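Peer 1: I'd like to ask you about the structure that follows.
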There are 2 protein chains.
Amino acid sequence: MIGIFDSGVGGLTALWELRRLRPDLDIVYFGDTAHVPYGTRSPEMIRRFAGEAVGFLSGLGAEAILVACGTVSSVALPALSEHTGCPLFGVVEPAAEVAYRVSKNKKIGILATEATVGSGAFDRALRRLGPVVTRSLACPLFVSLAENGFTAPDDPVARAAAEHYLAPLRESALDTLILGCTHFPLLAAHIHRVLPGVRLIGAGEAAAAVLVEETPRVGHGELAVFASDAPDRFEATAARILGTSLPVHVQKYIPRRIQTTAGRYTDTIRKRN
Amino acid sequence: MIGIFDSGVGGLTALWELRRLRPDLDIVYFGDTAHVPYGTRSPEMIRRFAGEAVGFLSGLGAEAILVACGTVSSVALPALSEHTGCPLFGVVEPAAEVAYRVSKNKKIGILATEATVGSGAFDRALRRLGPVVTRSLACPLFVSLAENGFTAPDDPVARAAAEHYLAPLRESALDTLILGCTHFPLLAAHIHRVLPGVRLIGAGEAAAAVLVEETPRVGHGELAVFASDAPDRFEATAARILGTSLPVHVQKYIPRRIQTTAGRYTDTIRKRN
């Protein structure tokens, strides 16, 4: 079973890609809606929240966890190994590798949260691959826009926000842009409008592609979705994002009741398989 | 000493009013930046976060607490009494009373968070005052706009968001609008632009006026500000909101280390007075 974890609905962009590539996988998704957004919090707080989340997925029986959150991947990945014995897949290296490969002029931009930009993780990952010019930009409002459903291609609020953040990049020579927060592909149409010639690389999608290469075909295509708060709200947003092809029923997992919930869910999964 | 509590920077609109009315008061402000925003979370989670916050202020020696958060005032106020023995002042009744008094046609709107609108608290408070027609509207993105500094009167993102939420109210006959979330006065210019003839009542300001009536003149005008996470970010936003006339130095208070921090701060205050 593969665990996927994000602060909220952003990781659904990785889930979507994972299901497209490998519909056979058993997946359990966890959105930490009690603590979203992560990207404006301190590294210390992000590590604390992420540690609980990874511990929860591990307790459910996840054999690998996709950390489908750019912020956690950037500031907390090494610290998370303490909370689980299973392999953790972050989004930074996979996205950097795809971006470096497709970029012709090796001038690569990174759109992400404040915490991610502050960490410099994507810049470092890109520089490890070879000579490159990077430019990082924090777009914190994009997360709130995605969480609150301001994602339609004609949405005037998302349009104004994209213009606000990205207009300064128009004169740059960037040919590739890493969407370093998994919420941001939900605003891809708006990013494209402001920067039409630039290639967009979704961090969650890139990471999903790496994960499937290393995962054997053993599942039954089961999907379980948990949220740490307000599951109905999460379900409505998720349904809008994923469409009708991937129906979700969101179950609530409240931090500090890990054992009870995990036990119950693992029993359900075992009975099915 | 008066405690003021909000999920983030919204309560600074109440702090500002409190300082204007009574510069003599000793005030300790707490912004729960580890958990902001509250308004999209469940009542259960809001009660948990708010309980910790009130316990913290109480532990610092607050003799009265202004719950300068519309969401907490609406869904958690009775439950909070468990966490403190001192009087709690919420924003719902004061704002409802001002709005009812100034409204000529008794058609009153409420702009607030999802949790506040879901609770119906402002509607009930208004109906207790007499015959009234109410209309409540959730504007969750306004909190993120305020927290991320999209508050300038000419900001195009805030303008688009105000138009999105408020255009449907243009044809209503509302003559008064309660800003039922203390973040919303930061967007007053944008709300005015869409609904120019409507009187705006800030919930935090109304509550501050009630609190000062019941508070004796005993302080030295001390101000201490705590945030539960990312204090530098909070300080930058607070400085922008409050201007240079009310300089803040934000100290970090991490939940679960209440006793240590509280003891240290109380000592400092005692030495000063």
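Residues in the structure tokens are numbered from 1 in each chain, the chains being A, B, ... in the order shown, and ligands are numbered from 1 in the order shown.
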Just want the 7 Å neighbourhood of region 68-74 of chain B, counted on only C-alpha atoms, with same-chain residues fewer than 3 positions away dropped. Output as a VMD selection string.
Peer 2: chain B and resid 4 to 7 11 14 38 to 39 46 50 77 90 to 92 113 115 to 116 119 121 180 to 182 204
Peer 1: Write out as a list in words each polymer residue whose atoms come within 9 Å of Phe184 (chain B), counting only C-alpha atoms; drop sequence neighbours fewer than 3 positions from it.
Peer 2: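 Here the answer would be Gly10, Leu111, Ala112, Phe142, Val143, Ala146, Leu179, Gly180, Cys181, Leu187, Ala188, Ile191 and Gly202 of chain B.
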Peer 1: Next, write the just-selected residues to a file, as a short mmCIF file (atom, residue, chain, number, x, y, z; two decimals), in the first residue's frame, keeping all heavy atoms as the atom set.
Peer 2:
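The new file part_21.cif reads:
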data_model
loop_
_atom_site.label_atom_id
_atom_site.label_comp_id
_atom_site.auth_asym_id
_atom_site.auth_seq_id
_atom_site.Cartn_x
_atom_site.Cartn_y
_atom_site.Cartn_z
N GLY B 10 -5.85 39.31 12.50
CA GLY B 10 -7.15 39.99 12.47
C GLY B 10 -7.45 40.75 13.75
O GLY B 10 -7.95 41.87 13.72
N LEU B 111 -20.77 39.39 6.98
CA LEU B 111 -19.66 38.76 6.25
C LEU B 111 -18.78 38.09 7.27
O LEU B 111 -18.36 38.72 8.25
CB LEU B 111 -18.83 39.80 5.48
CG LEU B 111 -19.55 40.71 4.50
CD1 LEU B 111 -18.53 41.59 3.78
CD2 LEU B 111 -20.36 39.91 3.50
N ALA B 112 -18.48 36.83 7.08
CA ALA B 112 -17.69 36.12 8.09
C ALA B 112 -17.03 34.90 7.47
O ALA B 112 -17.04 34.72 6.26
CB ALA B 112 -18.60 35.72 9.26
N PHE B 142 -10.89 36.11 2.23
CA PHE B 142 -10.52 37.39 2.84
C PHE B 142 -9.47 37.21 3.95
O PHE B 142 -8.60 38.07 4.13
CB PHE B 142 -11.76 38.08 3.43
CG PHE B 142 -12.62 38.81 2.42
CD1 PHE B 142 -13.78 39.46 2.82
CD2 PHE B 142 -12.28 38.86 1.08
CE1 PHE B 142 -14.58 40.13 1.91
CE2 PHE B 142 -13.08 39.53 0.15
CZ PHE B 142 -14.24 40.17 0.57
N VAL B 143 -9.56 36.11 4.70
CA VAL B 143 -8.59 35.87 5.78
C VAL B 143 -7.19 35.69 5.20
O VAL B 143 -6.22 36.31 5.67
CB VAL B 143 -8.99 34.64 6.62
CG1 VAL B 143 -7.96 34.36 7.70
CG2 VAL B 143 -10.36 34.84 7.24
N ALA B 146 -5.75 38.99 3.98
CA ALA B 146 -5.26 39.83 5.07
C ALA B 146 -3.95 39.26 5.64
O ALA B 146 -3.00 40.00 5.88
CB ALA B 146 -6.32 39.94 6.17
N LEU B 179 -18.88 43.15 9.78
CA LEU B 179 -17.66 42.43 9.40
C LEU B 179 -17.38 41.47 10.54
O LEU B 179 -16.73 41.82 11.53
CB LEU B 179 -16.52 43.41 9.15
CG LEU B 179 -16.84 44.52 8.13
CD1 LEU B 179 -15.62 45.39 7.89
CD2 LEU B 179 -17.35 43.94 6.82
N GLY B 180 -17.93 40.27 10.43
CA GLY B 180 -17.97 39.32 11.54
C GLY B 180 -16.68 38.55 11.74
O GLY B 180 -16.61 37.67 12.59
N CYS B 181 -15.67 38.86 10.96
CA CYS B 181 -14.33 38.30 11.14
C CYS B 181 -13.41 39.50 11.30
O CYS B 181 -13.48 40.45 10.51
CB CYS B 181 -13.94 37.47 9.91
SG CYS B 181 -12.19 37.01 9.87
N LEU B 187 -9.88 44.89 4.83
CA LEU B 187 -10.31 44.96 3.43
C LEU B 187 -11.48 45.92 3.26
O LEU B 187 -12.20 45.87 2.26
CB LEU B 187 -10.69 43.56 2.94
CG LEU B 187 -9.53 42.57 2.90
CD1 LEU B 187 -10.03 41.14 2.86
CD2 LEU B 187 -8.64 42.84 1.69
N ALA B 188 -11.67 46.81 4.25
CA ALA B 188 -12.85 47.69 4.24
C ALA B 188 -12.94 48.52 2.96
O ALA B 188 -14.03 48.70 2.41
CB ALA B 188 -12.84 48.59 5.47
N ILE B 191 -14.47 46.43 0.31
CA ILE B 191 -15.89 46.13 0.56
C ILE B 191 -16.72 47.39 0.24
O ILE B 191 -17.77 47.30 -0.40
CB ILE B 191 -16.06 45.67 2.03
CG1 ILE B 191 -15.26 44.39 2.28
CG2 ILE B 191 -17.54 45.46 2.36
CD1 ILE B 191 -15.13 43.98 3.74
N GLY B 202 -17.26 46.89 12.26
CA GLY B 202 -16.19 45.94 12.57
C GLY B 202 -16.46 45.26 13.90
O GLY B 202 -16.65 45.93 14.92
#
Peer 1: Could you give me, as a PyMOL selection string, the residues within 7 Å of Pro23 (chain B), counting only C-alpha atoms and dropping anything in the same chain fewer than 3 positions from it?
Peer 2: chain B and resi 19-20+221
Peer 1: Need the shell around Val210 (chain A): protein/DNA/RNA residues with any atom at most 10 Å away, counting only C-alpha atoms. Skip same-chain ones fewer than 6 positions apart. Format as a list of chain:residue names?
Peer 2: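 Everything that qualifies: A:Leu18, A:Leu66, A:Phe89, A:Gly90, A:Val91, A:Glu93, A:Pro94, A:Ala95.
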Peer 1: Contacts from chain A to chain B, 10 Å maximum, only C-alpha atoms: show me the residue list as a PyMOL selection string.
Peer 2: chain A and resi 33-38+40-46+139-145+147-150+155-164+228-233+254
Peer 1: Would you please extract all strand (DSSP E or B) residues from region 34-118 of chain B, as assigned by DSSP on the backbone, and give them as a list in words?
Peer 2: Ala64, Ile65, Leu66, Val67, Leu88, Phe89, Lys107, Ile108, Gly109, Ile110, Leu111 and Ala112 of chain B
Peer 1: Of the candidates B:Phe226, B:Tyr29, B:Trp16, B:Phe234, which one gets nearest to Gln251 (chain B) if we count only C-alpha atoms?
Peer 2: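 Of the candidates, the smallest distance to Gln251 (chain B) is held by B:Phe226.
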Peer 1: So the first atom is CA of Tyr165 (chain A) and the second is CA of Ala239 (chain B); what is the distance between them in Å, to one decimal place?
Peer 2: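 Distance reported for this atom pair: 22.2 Å.
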Peer 1: Could you give me, as a ChimeraX atom specification, the residues within 7 Å of region 105-107 of chain A, counting only C-alpha atoms and dropping anything in the same chain fewer than 6 positions from it?
Peer 2: /A:132-134,173-176
Peer 1: Which of these, A:Pro196, A:Pro185, A:Gly118, A:Gly31, has the shortest distance to Ala167 (chain A) once you count only C-alpha atoms?
Peer 2: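 Closest residue, counting only C-alpha atoms: A:Pro196.
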Peer 1: Tell me which of A:Ala125, A:Val212, A:Leu166, A:Leu15 sits closest to Arg193 (chain A), counting only C-alpha atoms.
Peer 2: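 Nearest to Arg193 (chain A): A:Leu166.
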Peer 1: Give the alpha helix (DSSP H) residues of region 17-231 of chain A, as DSSP finds them on the backbone, and put them as a PyMOL selection string.
Peer 2: chain A and resi 17-21+43-60+70-75+77-80+92-102+114-119+121-129+141-147+156-166+188-194+203-213+231
Peer 1: Compile the contact shell of Gly219 (chain B) as a ChimeraX atom specification: residues with an atom at most 9 Å away, counting only C-alpha atoms, same-chain residues fewer than 3 positions apart removed.
Peer 2: /B:1,23-27,216,222,273
Peer 1: What's the separation between CA of Pro87 (chain A) and CA of Ala207 (chain A), in Å to one decimal place?
Peer 2: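 Value for the CA of Pro87 (chain A)-CA of Ala207 (chain A) distance: 13.2 Å.
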Peer 1: Just to confirm, what's the straight-line distance from CA of Leu21 (chain A) to CA of Ala209 (chain A) in Å (one decimal)?
Peer 2: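 Separating CA of Leu21 (chain A) from CA of Ala209 (chain A) is a distance of 7.6 Å.
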